[in-house]
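Engineer: Sending over a structure as structure tokens; questions will come in a sec.
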Amino acid sequence: MFKSQLVAGALALAFSCAAAAAQTPAPPQGHALTADDLDAFFDGYMPLALARGDIAGSVVVVVKDGQVLFEKGYGVSDEKTQAPVDPKTTMFRPGSVSKLFTWTAVMQLAEAHKVDLDTDINTYLDFKIPPYEGKPITLRNLMTHTPGFEETDKNLFMTDPKKMMSLEKALKLWVPTRVFAPGEVPAYSNYGAALAGYIVQRVSGEDFDDYIANHIFDPLGMKHATFDQPLPKALQPFMSKGYDKASGKAQPYELIPMAPAGGLAASGDDMTHFMIAHLNNGEYNGVRILQPETAIKMHGVAYQHTPGIPPMAYGFYHEDMNGHDIVGHGGDTLWFHSDLHLILDQHVGLFLSQNSQGKPGTAIRGPLFKFFMDRYFPAPPLPPEKTLKTAKADGALAAGSYIDSRGSFTNIVAIGGLLGQAEAKVNDDGTLSVDALKDYAGNPKKFREVKPFVWREVHGRGLLVAKVKDGKITELVTDQIPQIISFLKAPWWRSARINVPAFLAMLAMLALTVLFWPVKAILRWRYDAPFPLAGRAATLYRLTRLTALCDLVLFLGVLGFFTYAGNNHLELFSNSYDWVLRIFQVFGLLGVIGTIAAIMNAAVAIGGSSEEHPWWTKFTDVLIALACVLAVWYAFSEHLLVWSLNF
């Protein structure tokens with residue numbers, strides 16, 4: 001990495017110029033897309049971005065008109081040896097970009113009439129996925145992320161090869177709860193993609209890994225690409241290390257039981273073969289993996305959730321920008337982060353992967369693609385759009401709390417959907433903001449209403465569209481995020497605006513109750529003051545404090561576990577650690593039972609004498625009882641005490 005101040009200053013200037021260019025109106029004619037210009041563009045962006053982000057290395061490749069136009073490695077693949085990234089051979093983990101190989105395999109089987117995209121998938125499975133609201137799931141639903149499954153996190157990542165399970169076993173451990181009818185709500189699903197891979201395996205008669213190798217990798221000449229896990233010995237010398245930050249230690253090779261959803265390892269050069277094949281409608285170097293009509297269909301519209309917002313293709317998602325027809329996919333493991341974009345009408349493809357998560361707030365991929373498009377394929381001017389007079393009124397209807405459709409609704413992780421909601425609000429100038437949609441500086445974007453319930457980004461092109469039913473807004477959808485999720489308006493009783501303050505107040509009251517219990521005892525001992533209660537009142541007093549302690553263990557334990565595990569420790573999301581959650585649940589059950597004592601304690605305090613129960617103890621005992629009752633509500637409404645620990 002570059003460390004001299006002179007070089008860093010020059011790179012900073014290049015970076016700031018690129019950022020400024022993205023904020024100003026694009027010229028009518030972009031830069032010529034040449035190898036020399038790409039070299040200057042990426043060399044002016046990547047080294048500083050890696051250094052600022054504490055990212056070890058990255059690979060960037062660009063193809064055009066069936067040829068590799070640019071491919072280059074930046075940084076290192078191994079911090080210890082300082083081995084540079086070689087775009088030809090250094091292998092990265094593209095994460096969910098792997099799904100594009102799964103979807104391509106599905107289209108191959110559909111082309112051969114071995115599967116039908118609109119048939120109940122149970123036709124191809126050896127276990128049953130029950131219908132929801134009378135509707136079965138189809139492969140089209142899986143490819144467009146509309147099967148209606150809630151999110152799954154358990155057993156998604158592993159690090160111990162001895163605990164690695166087969167695709168079949170991972171899928172059959174449990175079927176995620178269906179929370180939406182098929183084809184109605186986009187909710188990104190790794191389980192759904194893995195199901196599609198299992199169907200490929202069963203219909204073809206080949207293991208999924210072998211099928212992809214035989215029908216995609218080998219025909220495309222992808223020599224440094226595999227779905228095999230653990231990584232085959234022959235390929236291990238080419239595999240980049242993965243890092244949280246470049247300044248940290250190398251991490252173990254990530255194992256993904258549901259491999260069709262994210263198990264690929266591949267070099268940047270091998271990814272050019274795959275991109276060229278799709279840009280050439282299924283052909284690479286004289287070899288076909290798809291017929292032209294199949295490839296054209298795959299890149300077309302498979303699902304349109306919201307008119308005016310780029311649709312879902314068959315596995316690819318549309319990310320149309322600057323007036324161009326673009327399909328692509330992003331991918332993330334814990335350590336590797338990747339993006340693939342195909343600008344179909346220009347026969348151009350871009351792939352980037354980085355081998356480190358890096359520092360928070362130093363994202364490379366999104367800004368890079370935006371700058372790339374604005375430099376080489378600038379947007380035509382937008383026609384004049386006036387802000388509607390109904391902007392404030394319609395914004396007020398849109399304001400409120402929203403739940404991500406890609407979430408957990410019926411399992412122990414449901415509390416995340418309560419505490420992590422997006423908030424829409426009307427600004428003083430009448431614009432609408434959603435805190436989940438931020439600019440590159442981390443500030444919420446502002447949108448102004450240009451059509452009824454359609455908002456355009458201020459000084460930008462982004463759209464925010466509301467779905468309205470019976471005069472009420474039910475969803476917000478944006479082209480800032482592919483149509484793999486939507487924001488669902490939270491009902492008032494589940495709104496974060498009400499529940500977050502109530503939940504925090506409950507925790508605070510429980511914590512103060514537990515904290516002051518020993519403090520008051522120490523003070524009585526210090527000043528030789530007698531305990532004012534006796535008999536039944538004393539017992540209820542102590543049981544109430546124990547109840548508060550049990551409630552705290554449940555909530556802080558569960559939240560602490562998922563926060564820690566979700567922060568780069570996803571291997572904890574496995575059956576091996578269920579016992580930890582069970583301990584918290586036992587305390588939670590004791591807290592539920594103990595709430596009876598807390599209510600009785602409040603009743604005794606209210607009815608007791610002013611000598612034993614001064615007004616402030618009556619008041620606090622009532623607050624403690626209310627906190628315990630709220631704890632019972634949240635324990636059950638957020639499914640913290642469910643028997644199944646599948647999530």
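Ordering of the structure tokens sets the chain letters (A, B, ...); residue numbers start at 1 within each chain; ligands are numbered from 1 in the order shown.
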I want to know what sits within 10 Å of Val106 in chain A, based on only C-alpha atoms, with residues of the same chain fewer than 2 positions away left out; could you give that as an MDAnalysis selection string?
Structural biologist: chainID A and resid 100:104 108:112 114:117 139 143 196:197 199:200 203 314:315
Engineer: Using only C-alpha atoms, which residues sit within 8 Å of Leu167 in chain A once same-chain residues fewer than 4 positions away are excluded, as a PyMOL selection string?
Structural biologist: chain A and resi 171+194+198+257-259
Engineer: Quick one: residues within 12 Å of Lys438 in chain A, only C-alpha atoms, excluding same-chain residues fewer than 4 positions away - as a list of chain:residue names?
Structural biologist: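 Contacts, with the query itself left out: A:Gly361, A:Gly366, A:Ala422, A:Ser433, A:Val434, A:Gly442, A:Asn443, A:Pro444, A:Lys445, A:Lys446, A:Phe447, A:Glu457, A:Gly462, A:Gln480, A:Ile481.
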Engineer: What would the file look like if the residues just selected were written as a compact mmCIF listing (two decimals), in the first residue's frame with C-alpha atoms?
Structural biologist:
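Okay, selection.txt is ready:
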# COMPACT_ATOMS: atom_id res chain seq x y z
CA GLY A 361 -18.08 3.67 6.13
CA GLY A 366 -21.22 1.26 -4.84
CA ALA A 422 -36.00 2.15 8.88
CA SER A 433 -35.92 11.08 3.86
CA VAL A 434 -35.44 7.45 4.84
CA GLY A 442 -23.41 9.02 5.37
CA ASN A 443 -26.19 11.61 5.34
CA PRO A 444 -29.81 10.60 4.64
CA LYS A 445 -30.78 11.45 1.08
CA LYS A 446 -33.63 13.85 0.43
CA PHE A 447 -36.42 13.05 -2.02
CA GLU A 457 -33.74 12.31 -5.16
CA GLY A 462 -32.86 8.00 -7.46
CA GLN A 480 -31.37 2.53 -4.67
CA ILE A 481 -31.78 -1.13 -3.70
Engineer: Find the residues near range 207-217 of chain A: any atom within 8 Å, counting only C-alpha atoms, skip ones fewer than 3 places away on the same chain, and give them as a list in words.
Structural biologist: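 The residues that qualify are Phe101, Thr102, Ala105, Gly197, Tyr198, Val200, Gln201, Arg202, Ser204, Leu220, Gly221, Met222, Lys223, Ala225, Thr226, Phe227, Asp228, Pro260 and Ile289 of chain A.
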Engineer: Just want the 9 Å neighbourhood of Met312 in chain A, counted on only C-alpha atoms, with same-chain residues fewer than 4 positions away dropped. Output as a PyMOL selection string.
Structural biologist: chain A and resi 143-145+299-305+316-319+327+482-484
Engineer: Would you export the selected residues with C-alpha atoms as a short mmCIF file (atom, residue, chain, number, x, y, z; two decimals), in the first residue's frame, please?
Structural biologist:
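Written output follows (part-v9.cif):
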data_model
loop_
_atom_site.label_atom_id
_atom_site.label_comp_id
_atom_site.auth_asym_id
_atom_site.auth_seq_id
_atom_site.Cartn_x
_atom_site.Cartn_y
_atom_site.Cartn_z
CA MET A 143 -35.07 -16.87 -9.05
CA THR A 144 -36.85 -13.61 -8.23
CA HIS A 145 -36.60 -13.98 -4.43
CA HIS A 299 -31.70 -11.08 -18.75
CA GLY A 300 -35.25 -9.89 -19.33
CA VAL A 301 -38.10 -9.24 -16.94
CA ALA A 302 -39.12 -12.11 -14.70
CA TYR A 303 -40.82 -10.12 -11.96
CA GLN A 304 -41.92 -6.50 -11.60
CA HIS A 305 -42.89 -5.63 -8.07
CA PHE A 316 -29.92 -11.35 -12.09
CA TYR A 317 -31.41 -8.16 -10.77
CA HIS A 318 -31.80 -5.13 -12.97
CA GLU A 319 -29.82 -2.11 -11.84
CA VAL A 327 -28.17 -6.60 -14.87
CA PRO A 482 -32.54 -3.97 -6.16
CA GLN A 483 -36.03 -5.44 -6.02
CA ILE A 484 -34.92 -8.15 -3.64
#
Engineer: So how far away is CA of Ser77 in chain A from CA of Lys64 in chain A, in Å?
Structural biologist: 26.4 Å
Engineer: Calculated over only C-alpha atoms, which of the candidates A:Lys169, A:Gly75, A:Thr547, A:Tyr402 has the smallest distance to Ala49 in chain A?
Structural biologist: A:Gly75
Engineer: Counting only C-alpha atoms, what is within 12 Å of His613 in chain A, bar same-chain residues fewer than 2 positions away, as a list in words?
Structural biologist: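 After dropping sequence-adjacent residues, the list is Pro532, Leu533, Ala537, Ala538, Tyr541, Asn601, Ala602, Ala603, Val604, Ala605, Ile606, Gly607, Gly608, Ser609, Ser610, Glu611, Trp615, Trp616, Thr617, Lys618, Phe619, Thr620, Asp621 and Val622 of chain A.
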Engineer: Create the file for the chosen residues now, containing N, CA and C atoms and written as a PDB file, in the first residue's frame.
Structural biologist:
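Now in part.pdb:
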ATOM      1  N   PRO A 532     -37.081  -2.654  56.111  1.00  0.00           N
ATOM      2  CA  PRO A 532     -38.403  -2.193  56.545  1.00  0.00           C
ATOM      3  C   PRO A 532     -39.525  -3.198  56.341  1.00  0.00           C
ATOM      4  N   LEU A 533     -39.276  -4.285  55.599  1.00  0.00           N
ATOM      5  CA  LEU A 533     -40.353  -5.218  55.274  1.00  0.00           C
ATOM      6  C   LEU A 533     -40.141  -6.543  55.984  1.00  0.00           C
ATOM      7  N   ALA A 537     -44.477  -9.468  52.426  1.00  0.00           N
ATOM      8  CA  ALA A 537     -44.007  -8.276  51.722  1.00  0.00           C
ATOM      9  C   ALA A 537     -42.518  -8.383  51.409  1.00  0.00           C
ATOM     10  N   ALA A 538     -41.748  -8.878  52.352  1.00  0.00           N
ATOM     11  CA  ALA A 538     -40.310  -9.027  52.136  1.00  0.00           C
ATOM     12  C   ALA A 538     -40.023 -10.065  51.051  1.00  0.00           C
ATOM     13  N   TYR A 541     -40.848  -8.600  47.666  1.00  0.00           N
ATOM     14  CA  TYR A 541     -39.816  -7.619  47.322  1.00  0.00           C
ATOM     15  C   TYR A 541     -38.617  -8.324  46.683  1.00  0.00           C
ATOM     16  N   ASN A 601     -46.410  -7.638  44.348  1.00  0.00           N
ATOM     17  CA  ASN A 601     -45.600  -6.701  45.135  1.00  0.00           C
ATOM     18  C   ASN A 601     -46.118  -5.271  44.984  1.00  0.00           C
ATOM     19  N   ALA A 602     -46.471  -4.908  43.744  1.00  0.00           N
ATOM     20  CA  ALA A 602     -47.026  -3.571  43.514  1.00  0.00           C
ATOM     21  C   ALA A 602     -48.351  -3.404  44.238  1.00  0.00           C
ATOM     22  N   ALA A 603     -49.179  -4.446  44.228  1.00  0.00           N
ATOM     23  CA  ALA A 603     -50.476  -4.376  44.903  1.00  0.00           C
ATOM     24  C   ALA A 603     -50.302  -4.216  46.415  1.00  0.00           C
ATOM     25  N   VAL A 604     -49.346  -4.953  46.968  1.00  0.00           N
ATOM     26  CA  VAL A 604     -49.077  -4.834  48.405  1.00  0.00           C
ATOM     27  C   VAL A 604     -48.584  -3.431  48.740  1.00  0.00           C
ATOM     28  N   ALA A 605     -47.727  -2.895  47.866  1.00  0.00           N
ATOM     29  CA  ALA A 605     -47.187  -1.555  48.110  1.00  0.00           C
ATOM     30  C   ALA A 605     -48.292  -0.500  48.068  1.00  0.00           C
ATOM     31  N   ILE A 606     -49.169  -0.601  47.086  1.00  0.00           N
ATOM     32  CA  ILE A 606     -50.256   0.377  46.969  1.00  0.00           C
ATOM     33  C   ILE A 606     -51.167   0.323  48.186  1.00  0.00           C
ATOM     34  N   GLY A 607     -51.438  -0.889  48.643  1.00  0.00           N
ATOM     35  CA  GLY A 607     -52.344  -1.044  49.781  1.00  0.00           C
ATOM     36  C   GLY A 607     -51.672  -0.951  51.130  1.00  0.00           C
ATOM     37  N   GLY A 608     -50.347  -0.844  51.163  1.00  0.00           N
ATOM     38  CA  GLY A 608     -49.621  -0.839  52.425  1.00  0.00           C
ATOM     39  C   GLY A 608     -49.602   0.518  53.095  1.00  0.00           C
ATOM     40  N   SER A 609     -49.092   0.535  54.303  1.00  0.00           N
ATOM     41  CA  SER A 609     -49.026   1.769  55.084  1.00  0.00           C
ATOM     42  C   SER A 609     -47.925   2.669  54.543  1.00  0.00           C
ATOM     43  N   SER A 610     -48.038   3.941  54.820  1.00  0.00           N
ATOM     44  CA  SER A 610     -47.041   4.899  54.362  1.00  0.00           C
ATOM     45  C   SER A 610     -45.711   4.718  55.071  1.00  0.00           C
ATOM     46  N   GLU A 611     -45.728   4.079  56.279  1.00  0.00           N
ATOM     47  CA  GLU A 611     -44.465   3.823  56.963  1.00  0.00           C
ATOM     48  C   GLU A 611     -43.656   2.758  56.235  1.00  0.00           C
ATOM     49  N   TRP A 615     -44.721   7.007  49.424  1.00  0.00           N
ATOM     50  CA  TRP A 615     -45.295   7.197  48.087  1.00  0.00           C
ATOM     51  C   TRP A 615     -44.310   6.861  46.966  1.00  0.00           C
ATOM     52  N   TRP A 616     -43.003   7.162  47.213  1.00  0.00           N
ATOM     53  CA  TRP A 616     -42.038   6.887  46.138  1.00  0.00           C
ATOM     54  C   TRP A 616     -41.797   5.395  45.929  1.00  0.00           C
ATOM     55  N   THR A 617     -41.939   4.591  47.010  1.00  0.00           N
ATOM     56  CA  THR A 617     -41.808   3.146  46.809  1.00  0.00           C
ATOM     57  C   THR A 617     -43.050   2.579  46.135  1.00  0.00           C
ATOM     58  N   LYS A 618     -44.205   3.145  46.434  1.00  0.00           N
ATOM     59  CA  LYS A 618     -45.427   2.715  45.734  1.00  0.00           C
ATOM     60  C   LYS A 618     -45.267   2.974  44.234  1.00  0.00           C
ATOM     61  N   PHE A 619     -44.765   4.194  43.939  1.00  0.00           N
ATOM     62  CA  PHE A 619     -44.601   4.595  42.540  1.00  0.00           C
ATOM     63  C   PHE A 619     -43.596   3.684  41.828  1.00  0.00           C
ATOM     64  N   THR A 620     -42.418   3.473  42.454  1.00  0.00           N
ATOM     65  CA  THR A 620     -41.395   2.655  41.799  1.00  0.00           C
ATOM     66  C   THR A 620     -41.813   1.195  41.695  1.00  0.00           C
ATOM     67  N   ASP A 621     -42.530   0.661  42.687  1.00  0.00           N
ATOM     68  CA  ASP A 621     -42.978  -0.735  42.610  1.00  0.00           C
ATOM     69  C   ASP A 621     -43.976  -0.931  41.474  1.00  0.00           C
ATOM     70  N   VAL A 622     -44.809   0.078  41.244  1.00  0.00           N
ATOM     71  CA  VAL A 622     -45.736   0.009  40.103  1.00  0.00           C
ATOM     72  C   VAL A 622     -44.951   0.037  38.794  1.00  0.00           C
TER      73      VAL A 622
END
Engineer: Report, in Å to a single decimal, how far apart CA of Ala295 in chain A and CA of Ala32 in chain A are.
Structural biologist: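 Rounded to one decimal, the two atoms are 27.8 Å apart.
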Engineer: If you run DSSP on the backbone here, which positions in range 455-631 of chain A get strand (DSSP E or B)? Please write them as a list in words.
Structural biologist: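 Going through range 455-631 of chain A, the strand (DSSP E or B) residues come out as Trp455, Arg456, Glu457, Leu463, Leu464, Val465, Ala466, Lys467, Val468, Lys469, Lys472, Ile473, Thr474, Glu475, Leu476, Val477, Thr478, Phe487, Leu488 and Lys489 of chain A.
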